[in-house]
Amino acid sequence: MSVSATTVPQAPANPKSRVVLASLIGTTIEFYDFYVYATAAVLVFPHLFFPAGNETTALLSSFAIFGAAMVARPLGAVFFGHLGDKVGRKTTLVAALLTMGIATFLIGLLPTYLVIGWFAPLLLVILRLAQGFALGGEWSGAALVATENAPKGKRAWYGTFPQLGAPIGFIIANGLFLIIAFALPSDDPSRPSDAFLDWGWRIPFLFSAVMVIVGLWVRLKLVESDAFTNTVKSGKVVKLPLKLVFKSNWRELILGTFFMLATYVLFYLMTTFSLSYGRAPIEPAEGQQPGLGYSYNTFVLMLIAGVVFFGIFTLLSGPWADKFGRRKTLIAVTAGIIVFGLLWVPLLGAGTVGVMAFLIIGFSLMGMTFGPMGALLPELFPTNVRYTGSGISYNVSSILGAAVAPFIAVWLWAEADGSPFLVGIYLATMGVITLIALIIGKETKDVDIDR
């Protein structure tokens, strides 16, 4: 009886296809929900959820609420990490997905500033915090499902599948916004149509309910990994994972946070800020900053083309990290991010060809830096604190990187009188910090995931 209980392999219960789908579909839905907000933060919320006046101020206010979710993410990482390390990955992932889906759906039902005044942005902040709280527990759980069920020597490859949810979620979210924008065209390229602002923008938020149902169906079929099951059997589950991880793995928490810094800054500059800069008029009105002057539809199509390279290089980065190691791969890619930050002005000033080169290079680097993180961060921590530790590192980095990146970028854009030069320097500086952390850190490719 005892032999049977310990020798039945986990693989038949969690076949490769189920592991890949469960880790991919959940993060796709979570990032879809996040991107829907990010797009609306640029396109819709400055017009509907704040008083009329200075457009730059409204945009900054919208980005401030966007960044508020990043503050909630570490809290979500602690809460869901505690559940994940105590009761298991499956239950926790289902709870995180439900939280994100409900918050996103409710945003689609919110009344605007003209209807309820300052209660509109207040409710938006609350639901945005709920989104961030949920995403704080989603990523690390999905990464653990992938890496703890991966075959030997393929952890980084399997770890790219939850990462692939980011580009896929981006394409679905922005593709849906694009379809709605085509169906409800605007005569003013710098502003959506009245129909879009009245009701069209709500469709992507409400559609998230359908995606959440699909995600729940897949995740409810999962069973726990051998790594977590063996931890339970051996009595290594701890009462307070948060206390243990800060006591025993504080160095890994700090390094993991800075490993992700350049990734996060690049991520949100390439998606949120670039959409603002690309759509800004070449000759702006008072209170606006000059940009590239593309229509929303045109620039989103360009963004989607760039994000295709994000997805391709996310997948390619996994085998590279398995072959060459996570650390070597990321050191090379981070050096590339630093150089890329110094090339923003010549690339963005070279017309449509230069802008497309900017998007393709930036998103390719994004894939190469984001892909290996799905394995690297979980590998830093032992099983009994892995959900908590990887989640905290990933999400504290979101505060230092993503939460402030769009806000800082808009401020630097204004300080440079409409030039993106300082924004590129900001990215390069964050790349240097990440490069130092990677040089200090150790290789994790051959660590025992069951430890």
# chains A, B, ... in the order shown; residues from 1 in each chain; ligands from 1
>>> residues_around(residues="Gly441 (chain A)", least_positions_apart="2", cutoff="12 Å", atoms="only C-alpha atoms", output="list in words")
Arg251, Glu252, Leu253, Ile254, Leu255, Gly256, Thr257, Phe258, Phe259, Arg326, Arg327, Lys328, Leu330, Ile331, Leu376, Leu377, Leu380, Thr434, Leu435, Ile436, Ala437, Leu438, Ile439, Glu443 and Thr444 of chain A
>>> closest_atom_pairs(of="region 178-258 of chain A", to="region 300-311 of chain A", cutoff="12 Å", atoms="only C-alpha atoms", output="Markdown table")
| residue | atom | partner | partner_atom | distance |
| --- | --- | --- | --- | --- |
| A:Leu178 | CA | A:Val300 | CA | 7.2 |
| A:Ile179 | CA | A:Leu301 | CA | 10.8 |
| A:Ala181 | CA | A:Val300 | CA | 10.5 |
| A:Phe182 | CA | A:Val300 | CA | 11.6 |
>>> write_last_selection(atoms="C-alpha atoms", output="mmCIF file, in the first residue's frame")
data_model
loop_
_atom_site.group_PDB
_atom_site.id
_atom_site.type_symbol
_atom_site.label_atom_id
_atom_site.label_comp_id
_atom_site.auth_asym_id
_atom_site.auth_seq_id
_atom_site.Cartn_x
_atom_site.Cartn_y
_atom_site.Cartn_z
ATOM 1 C CA LEU A 178 -9.307 47.558 -32.349
ATOM 2 C CA ILE A 179 -12.351 45.741 -33.729
ATOM 3 C CA ALA A 181 -12.745 51.080 -32.792
ATOM 4 C CA PHE A 182 -13.180 50.031 -36.439
#
>>> atom_distance(atom1="CA of Gly153 (chain A)", atom2="CA of Lys323 (chain A)")
8.5 Å
>>> closest_residue(among="A:Tyr268, A:Phe324, A:Phe358, A:Phe421", to="Gly401 (chain A)", atoms="only C-alpha atoms")
A:Tyr268
>>> residues_around(residues="Ser274 (chain A)", least_positions_apart="4", cutoff="12 Å", atoms="only C-alpha atoms", output="tab-separated table (two decimals) with N, CA, C and O atoms, in the first residue's frame")
chain	number	residue	atom	x	y	z
A	38	ALA	N	-5.05	48.72	-19.16
A	38	ALA	CA	-3.94	49.55	-19.63
A	38	ALA	C	-4.33	50.34	-20.88
A	38	ALA	O	-4.01	51.53	-21.01
A	39	THR	N	-5.03	49.68	-21.80
A	39	THR	CA	-5.48	50.36	-23.02
A	39	THR	C	-6.51	51.42	-22.69
A	39	THR	O	-6.45	52.55	-23.19
A	42	VAL	N	-5.24	54.75	-21.34
A	42	VAL	CA	-4.75	55.71	-22.33
A	42	VAL	C	-5.90	56.27	-23.14
A	42	VAL	O	-5.99	57.47	-23.40
A	266	LEU	N	10.73	47.89	-19.16
A	266	LEU	CA	10.62	47.72	-20.61
A	266	LEU	C	9.19	47.35	-21.00
A	266	LEU	O	8.63	47.89	-21.97
A	267	PHE	N	8.61	46.44	-20.25
A	267	PHE	CA	7.26	45.93	-20.53
A	267	PHE	C	6.24	47.06	-20.62
A	267	PHE	O	5.49	47.18	-21.59
A	268	TYR	N	6.22	47.92	-19.62
A	268	TYR	CA	5.21	48.96	-19.58
A	268	TYR	C	5.55	50.18	-20.43
A	268	TYR	O	4.65	50.89	-20.87
A	269	LEU	N	6.81	50.41	-20.69
A	269	LEU	CA	7.17	51.46	-21.64
A	269	LEU	C	6.76	51.06	-23.05
A	269	LEU	O	6.27	51.88	-23.83
A	270	MET	N	6.96	49.79	-23.38
A	270	MET	CA	6.64	49.32	-24.74
A	270	MET	C	5.14	49.22	-24.98
A	270	MET	O	4.69	49.29	-26.13
A	278	GLY	N	2.82	57.32	-29.32
A	278	GLY	CA	2.50	57.08	-30.73
A	278	GLY	C	1.27	57.82	-31.18
A	278	GLY	O	1.20	58.28	-32.34
A	279	ARG	N	0.27	57.99	-30.30
A	279	ARG	CA	-0.99	58.64	-30.67
A	279	ARG	C	-0.97	60.16	-30.47
A	279	ARG	O	-1.85	60.86	-30.99
A	280	ALA	N	-0.02	60.67	-29.72
A	280	ALA	CA	0.03	62.11	-29.46
A	280	ALA	C	0.27	62.86	-30.77
A	280	ALA	O	1.06	62.44	-31.62
A	291	GLY	N	4.00	64.02	-30.12
A	291	GLY	CA	4.33	62.61	-30.30
A	291	GLY	C	4.47	62.28	-31.77
A	291	GLY	O	4.92	63.11	-32.57
A	292	LEU	N	4.05	61.08	-32.14
A	292	LEU	CA	4.25	60.60	-33.50
A	292	LEU	C	3.06	60.86	-34.41
A	292	LEU	O	3.19	60.75	-35.63
A	293	GLY	N	1.90	61.15	-33.85
A	293	GLY	CA	0.76	61.54	-34.65
A	293	GLY	C	0.01	60.42	-35.36
A	293	GLY	O	-0.76	60.68	-36.28
A	294	TYR	N	0.19	59.17	-34.93
A	294	TYR	CA	-0.54	58.06	-35.55
A	294	TYR	C	-1.96	58.00	-34.99
A	294	TYR	O	-2.21	58.37	-33.84
A	296	TYR	N	-5.18	55.91	-33.52
A	296	TYR	CA	-5.22	54.78	-32.59
A	296	TYR	C	-5.17	53.46	-33.34
A	296	TYR	O	-4.39	52.57	-33.00
A	299	PHE	N	-1.65	52.70	-34.87
A	299	PHE	CA	-0.57	52.39	-33.93
A	299	PHE	C	-0.81	51.08	-33.19
A	299	PHE	O	0.14	50.35	-32.90
A	300	VAL	N	-2.07	50.76	-32.90
A	300	VAL	CA	-2.34	49.48	-32.23
A	300	VAL	C	-1.99	48.32	-33.17
A	300	VAL	O	-1.47	47.30	-32.72
A	302	MET	N	0.38	48.37	-35.32
A	302	MET	CA	1.84	48.31	-35.24
A	302	MET	C	2.28	47.64	-33.94
A	302	MET	O	3.22	46.83	-33.93
A	303	LEU	N	1.60	47.98	-32.83
A	303	LEU	CA	1.92	47.36	-31.55
A	303	LEU	C	1.69	45.84	-31.60
A	303	LEU	O	2.53	45.07	-31.13
A	306	GLY	N	4.43	44.13	-33.29
A	306	GLY	CA	5.59	44.02	-32.43
A	306	GLY	C	5.43	42.94	-31.37
A	306	GLY	O	6.37	42.20	-31.06
A	344	TRP	N	16.55	55.17	-28.51
A	344	TRP	CA	15.15	55.56	-28.69
A	344	TRP	C	14.99	56.72	-29.68
A	344	TRP	O	14.15	56.66	-30.58
A	348	LEU	N	12.93	56.27	-33.16
A	348	LEU	CA	11.61	56.90	-33.23
A	348	LEU	C	11.59	58.10	-34.17
A	348	LEU	O	10.51	58.54	-34.59
A	355	VAL	N	10.03	53.42	-36.44
A	355	VAL	CA	9.10	53.10	-35.35
A	355	VAL	C	8.85	51.59	-35.31
A	355	VAL	O	8.82	50.99	-34.22
A	356	MET	N	8.67	50.97	-36.48
A	356	MET	CA	8.47	49.52	-36.49
A	356	MET	C	9.71	48.79	-36.00
A	356	MET	O	9.60	47.79	-35.27
A	358	PHE	N	11.79	49.99	-33.83
A	358	PHE	CA	11.74	50.23	-32.39
A	358	PHE	C	10.82	49.21	-31.71
A	358	PHE	O	11.20	48.59	-30.69
A	359	LEU	N	9.64	49.00	-32.26
A	359	LEU	CA	8.68	48.07	-31.65
A	359	LEU	C	9.16	46.63	-31.74
A	359	LEU	O	9.05	45.87	-30.77
A	362	GLY	N	12.27	46.22	-29.35
A	362	GLY	CA	11.85	46.31	-27.95
A	362	GLY	C	11.07	45.10	-27.50
A	362	GLY	O	11.33	44.54	-26.43
A	363	PHE	N	10.12	44.66	-28.32
A	363	PHE	CA	9.31	43.51	-27.93
A	363	PHE	C	10.09	42.20	-28.03
A	363	PHE	O	9.83	41.26	-27.27
A	405	ALA	N	6.69	53.32	-13.85
A	405	ALA	CA	7.26	53.50	-15.18
A	405	ALA	C	6.42	54.41	-16.08
A	405	ALA	O	6.95	55.37	-16.66
A	406	PRO	N	5.11	54.16	-16.25
A	406	PRO	CA	4.34	55.06	-17.12
A	406	PRO	C	4.30	56.49	-16.59
A	406	PRO	O	4.38	57.45	-17.36
A	409	ALA	N	7.68	58.08	-17.10
A	409	ALA	CA	7.89	58.28	-18.53
A	409	ALA	C	7.16	59.53	-19.03
A	409	ALA	O	7.72	60.32	-19.80
A	410	VAL	N	5.91	59.73	-18.61
A	410	VAL	CA	5.16	60.91	-19.03
A	410	VAL	C	5.83	62.18	-18.49
A	410	VAL	O	5.94	63.19	-19.19
A	413	TRP	N	8.97	62.76	-20.47
A	413	TRP	CA	8.54	63.20	-21.80
A	413	TRP	C	8.26	64.71	-21.78
A	413	TRP	O	8.68	65.45	-22.68
A	420	PRO	N	11.55	61.73	-26.53
A	420	PRO	CA	11.60	60.49	-25.75
A	420	PRO	C	13.00	60.18	-25.21
A	420	PRO	O	13.21	59.10	-24.65
A	423	VAL	N	13.29	59.26	-21.56
A	423	VAL	CA	12.60	58.00	-21.28
A	423	VAL	C	13.51	56.82	-21.62
A	423	VAL	O	13.58	55.83	-20.88
A	424	GLY	N	14.21	56.92	-22.73
A	424	GLY	CA	15.17	55.87	-23.11
A	424	GLY	C	16.30	55.76	-22.10
A	424	GLY	O	16.75	54.65	-21.77
>>> closest_residue(among="A:Phe407, A:Trp157, A:Phe45, A:Phe196", to="Lys445 (chain A)", atoms="only C-alpha atoms")
A:Trp157
